[in-house]
Every structure is written in C-alpha cells, then in structure tokens.
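Structure record follows, encoded as structure tokens.
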Amino acid sequence: MAAAATLLACLLAVAGLPSPGQDANAATPGKPNIVLITTDDQTLASYAPHVMPNTTRLIADKGTAFTNAIVTTPLCCPSRASMITGQYAHNHGVTSNRLNYQALEEKDNTLPVWLDRAGYKTAHVGKYLNGYEAAVGSPTEVAPGWNVWYTTLGTTRYYDYDVSANGKRVHFRERDKDYVTRVINKKAVSLVRRMTRLKAPLYLQVDQRAPHSETGVDSGGRCGGRAVPDREDKELFEDELLPQPPSFNEADVSDKPPFVAGRPPLTAPKIKKMTKRHSCELAALRAVDRGVQKIVKALKKTGELRKTVIAFTSDNGFFQGEHRIPTGKIYPYEEGIRVPFLIRAPERYRGSGERVPEVSAPVANIDLAPTFLELAGGVNSCSGGGACRVMDGRSLVGSLSGGAGGIPNDRALLTEFDVGNNTAQEDGLCRYSGVRTAEAILVEYTVDDLTGGCDPDLEHELYDLDSDPFQLNNLIDGDFPQEAQLSAQLERLRDCAGIAGRDPQVAGRPYCD
C-alpha cells in the first residue's frame, strides 16, 4: 500500500497535480474565477437571442457555443450529479429522480470539495440536487465542499418558499422582491462583489429554478402552475407560437417503442395549453437573462471579468409535443437530451490560438467538471482521504481555442436512464442505454413486461441524424451501415469508466470516449 501511495504521488507530481494528502489551500496566482449558471428544464430552442439577449451577447458572442451538446441522462438530479462528478450515471449512482441524491456515491468527493481543497472559495446559490433535504440530518444542512450555501428548499416555487442560508432557514413571501429568480440573482451578484475581494479565486454555481413549472402550487395569473415570470415580464411572449418541427404531433409513431407508439395525436385544446406553457417559460427566462447581465456587470466592476470563466447550460431539455409527447424530459430524443452549452473564457485561460466561436464536436454535461479542474490548474479529483473519483468526461479547454486536446468529432457519448427499484414508470419505461454520435443514435430500452416488473423486454431505436434530424424514421429493422459499429460502441460505453491515457483502468472495465 505504501509503495502504491508513493507511486501515485510521483505520478501526480510529474503531471503537475497536488498529491491526495498535499495541502492545496494556498491560492495559486493565475487561477480563474469560475461561474456556472444552470437553468432548469430549458429547451435548446428557447435559447434564442430574442429570449435571452444578454446571455447571447455577453457569453455566446464573447465565448464558445457548443452546438452539439447533450446531457447524458435527461433528468434534473442525474444531470446535476454528472455536472459535479464528471461521471455517467452508472458510475455516480443517480440514474433517476426517484433514486435522487440519496443514491449519489461518494457524496464528499465532488467538484466543490476538489476546488475547495485547491484553494477556491466555493458558493452555491439556488436549486441543489433533488432529494438532498431527505438525505441529510437537517434540511438546512450544508453539502460537502461549499463555503457559502444559499440553497432553495422544497419543490419548485417562484413565491412563498424557504432558503437555507448557510444552515439557517429564511422564508420569502409573495412580494415582487421575493420572486425566486430575483433572489437568486441578487445573492449571486452580492457574492461576486464580496468574495472576489478575497485572495482566493471564486467558484460560484448559480442553479436557477426557471423555467421549471411550479410544483403543487398555483401562483395565479396567466402562468400560475407553470413557469412563472417576474411580474415585470408577465406580458412578454404572450403571442409566441409553439415551435412545430416535423416531429411535432408526429403523424406516424408506429415504429417507436410502446411508450410512444401508444400515444394518441395531440388535440387542439391540448396544443393550446402547451402553447401557453411555452410562452410562460420564455417569459420566465427573461429574469434569468437579466441575472446573467448583472453577474457580468458585477465582475467587470470589481475588475474580475478578465479573470473569470463563465459557463451557461441547462440540466436537460424538454418536450413540447414532439413525437406526441406533450411534456416531460426523460426520453433520449434530441428534444430531451440537447441543451444550450456556452463557455466564455478570457484569452489567458484558453491556451494558444484565437477564440473558437462554435464547436460542433459532441460534448456533454460530464465534461464540465474536467474542464473546471484543468482551468483551476490541474486539480485532481481526489477527496481529502486520498480516494480519487475517475471521471468519464473530458476537458473542453483545448476546444475553446482550437488548440491541442480538442474534442474529436467522432466521439461517442452514452445516454442512459434507470427508473430504479425494478419498477416501471406509468408509461411502461424501465430503463435504457444508448449511444449517440454526431451522425446517429442507437438506443436499447427495457419496458414493462405487463406484470409490473422490468424483466428484459427489449425495444430498439436507431436514427440517422444527418438525414433524419427529427427522428421520424426508426431504422432498427432496416439496413443502416453503421448499426454494427454503434452496437459495439454501446456495449462498450454502457459500463465504461475513465479516459484511456489519462486514468487508471477501473476493474478491467472499458474506457469511455
């Protein structure tokens, strides 16, 4: 054991990384501040300049837009767990919202812990992982690694909710100033102003509630029970039409798995309700967009903008009638897994080369943690006890300027879901594993066997995303030249761990791409 520990320390030293037992609390000059802003249930289509002009102007236009970004499990808790571990769900344990934070493995070995040990001051504002409150001794308890904890409690509410402020419960009422996005934005700005005065760099994670629908409450007005906009935005986008791509209210779904094939066509009254929900979601995003502007303004005023990396994304997409799915997000169609994904990095942190405005190579939420660790100076993913979490994602730093280490265009990513407890959802879906490349996606599903259990009853979907980007024609029973290659990739990725050439192999398992 001693020899192994010495070898690990030597390898880390050669790589320029602190050893697991090394005190890394002293801030290293040149480490950037890092700000991550995450929305909740935002569709890729809703990220548009007329909806989010500040986010477009201040992050996308001055940074890099990853135009082929997905979440590896399109659901709130698994996706957010992947963001703070750099791992696929089959490695971090949170494969569904039903399993939630309680299933997260190594809860004290996550991104905020690593950055805290590397000398960062860490701050969380907004929503945390689903089920966190039930998994800890007190609902207001601070999660591992966070120096500042300002986290909303309970289900999604825009008014009349509680916040854990460093362990103290604070109640917000129904006044304009209590609107949850205003509260999150105000706190984020105050932390930028206060914490950037410290010598240590800042890691600020801003997890917005919008544009998620209210849960179990109705705030009134035209958007009550849906995503609720700030009252100053309540009339925005009232006449916005619901996007209707070719997959909307799909005419023929007979080639799809039973949980889709059994859906009736959407009716006119249903579409009218969906249109209203869509307009409310767009209006709710406007306050998020103002928050982006305020955070950037505060960074500029404190002189920290040139020393700050800002990332913006969503935890998953959302269905709005595509493939006859009126609402939800768990299915691995493009509308569920594709998300906005932006990174603005000052030149000194991008490496050599000019800024790359767009990157079309496949990237995912599992890439955030490795990216932030490289930006922080090569911090390792080890807990205080020396145990290292092997990440499945890759750093995106090389892609920001087109230098060495960029993401390959032929990368294959896994998409996966397991509802848990060997029981199906109401629609019969139990679990799936899929492989997605820039050109195609192949998914294998386990569906309810009509006995209430999840014994193998497999369904498959295969789409050529080049010729059929809206996934109308399932090719699983046809002749698709890449099917054998995709099947082999799926078999490898469903149990993969780590990256070849970077990580030690985990129990003989295959590497991820």
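Ordered as shown in the structure tokens, chains take letters A, B, and onward, while each chain numbers its residues from 1 and ligands are numbered from 1 in the order shown.
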- Task: Could you give me, as an MDAnalysis selection string, the residues within 10 Å of Glu232 (chain A), counting only C-alpha atoms and dropping anything in the same chain fewer than 5 positions from it?
- Result: chainID A and resid 176 283 286:287
What does the file look like for those residues with C-alpha atoms, as a PDB file, in the first residue's frame?
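Output saved as selection-v2.pdb:
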```pdb
ATOM      1  CA  ASP A 176     -42.133  41.329  -6.041  1.00  0.00           C
ATOM      2  CA  ALA A 283     -41.093  34.947 -20.136  1.00  0.00           C
ATOM      3  CA  ARG A 286     -36.019  36.840 -19.204  1.00  0.00           C
ATOM      4  CA  ALA A 287     -35.243  37.296 -15.479  1.00  0.00           C
TER       5      ALA A 287
END
```
If you count only C-alpha atoms, which residues fall within 7 Å of region 340-353 of chain A, apart from same-chain ones fewer than 4 positions away, as a PDB file with C-alpha atoms, in the first residue's frame?
```pdb
ATOM      1  CA  LEU A  44     -32.427  24.256 -26.786  1.00  0.00           C
ATOM      2  CA  TYR A  47     -32.129  29.679 -26.068  1.00  0.00           C
ATOM      3  CA  ILE A  59     -21.430  34.783 -23.111  1.00  0.00           C
ATOM      4  CA  ALA A  60     -22.013  33.263 -26.558  1.00  0.00           C
ATOM      5  CA  LYS A  62     -17.618  36.511 -26.440  1.00  0.00           C
ATOM      6  CA  GLY A  63     -17.066  32.811 -25.869  1.00  0.00           C
ATOM      7  CA  THR A  64     -17.697  29.433 -27.434  1.00  0.00           C
ATOM      8  CA  ALA A  65     -21.059  27.851 -28.218  1.00  0.00           C
ATOM      9  CA  PHE A  66     -21.010  24.043 -28.213  1.00  0.00           C
ATOM     10  CA  ALA A  69     -24.084  19.346 -26.539  1.00  0.00           C
ATOM     11  CA  ARG A 306     -10.831  39.304 -17.308  1.00  0.00           C
ATOM     12  CA  LYS A 307     -10.017  36.650 -14.690  1.00  0.00           C
ATOM     13  CA  THR A 308     -13.329  34.773 -14.828  1.00  0.00           C
ATOM     14  CA  VAL A 309     -14.589  31.820 -16.862  1.00  0.00           C
ATOM     15  CA  ILE A 310     -18.386  31.757 -17.235  1.00  0.00           C
ATOM     16  CA  ALA A 311     -20.350  28.673 -18.327  1.00  0.00           C
ATOM     17  CA  PHE A 312     -24.061  28.501 -19.097  1.00  0.00           C
ATOM     18  CA  THR A 313     -26.197  25.412 -19.686  1.00  0.00           C
ATOM     19  CA  SER A 314     -29.435  23.606 -18.768  1.00  0.00           C
ATOM     20  CA  LEU A 375      -8.797  25.643 -15.651  1.00  0.00           C
ATOM     21  CA  VAL A 397     -10.228  23.767 -22.655  1.00  0.00           C
ATOM     22  CA  LEU A 400     -12.009  26.830 -26.756  1.00  0.00           C
ATOM     23  CA  SER A 401      -9.134  27.992 -28.957  1.00  0.00           C
ATOM     24  CA  GLY A 402      -8.800  25.094 -31.372  1.00  0.00           C
ATOM     25  CA  GLY A 403      -5.525  24.022 -29.828  1.00  0.00           C
TER      26      GLY A 403
END
```
- In terms of only C-alpha atoms, the residue from A:Ala361, A:Ala123, A:Val390, A:Ala500 at minimal distance from Thr437 (chain A) is A:Ala361
Please report, as a PDB file with C-alpha atoms, in the first residue's frame, each residue of region 92-175 of chain A to which DSSP assigns alpha helix (DSSP H) when run on this structure's backbone.
```pdb
ATOM      1  CA  HIS A  92     -22.145   8.055  -9.746  1.00  0.00           C
ATOM      2  CA  LEU A 111     -16.363  19.178  -7.650  1.00  0.00           C
ATOM      3  CA  PRO A 112     -16.877  21.732  -4.830  1.00  0.00           C
ATOM      4  CA  VAL A 113     -14.767  19.577  -2.484  1.00  0.00           C
ATOM      5  CA  TRP A 114     -11.936  19.375  -5.018  1.00  0.00           C
ATOM      6  CA  LEU A 115     -11.990  23.108  -5.709  1.00  0.00           C
ATOM      7  CA  ASP A 116     -12.182  23.940  -2.012  1.00  0.00           C
ATOM      8  CA  ARG A 117      -9.064  21.828  -1.402  1.00  0.00           C
ATOM      9  CA  TYR A 132     -30.923  16.356  -0.818  1.00  0.00           C
ATOM     10  CA  GLU A 133     -33.018  17.500   2.138  1.00  0.00           C
ATOM     11  CA  ALA A 134     -34.312  13.989   2.834  1.00  0.00           C
ATOM     12  CA  ALA A 135     -30.817  12.506   2.697  1.00  0.00           C
TER      13      ALA A 135
END
```
- Task: Just the residues within 10 Å of Arg173 (chain A), please, counting only C-alpha atoms, with nothing from its chain fewer than 2 positions along; format it as an NGL selection string.
- Result: :A and (158-162 or 171 or 175-180)
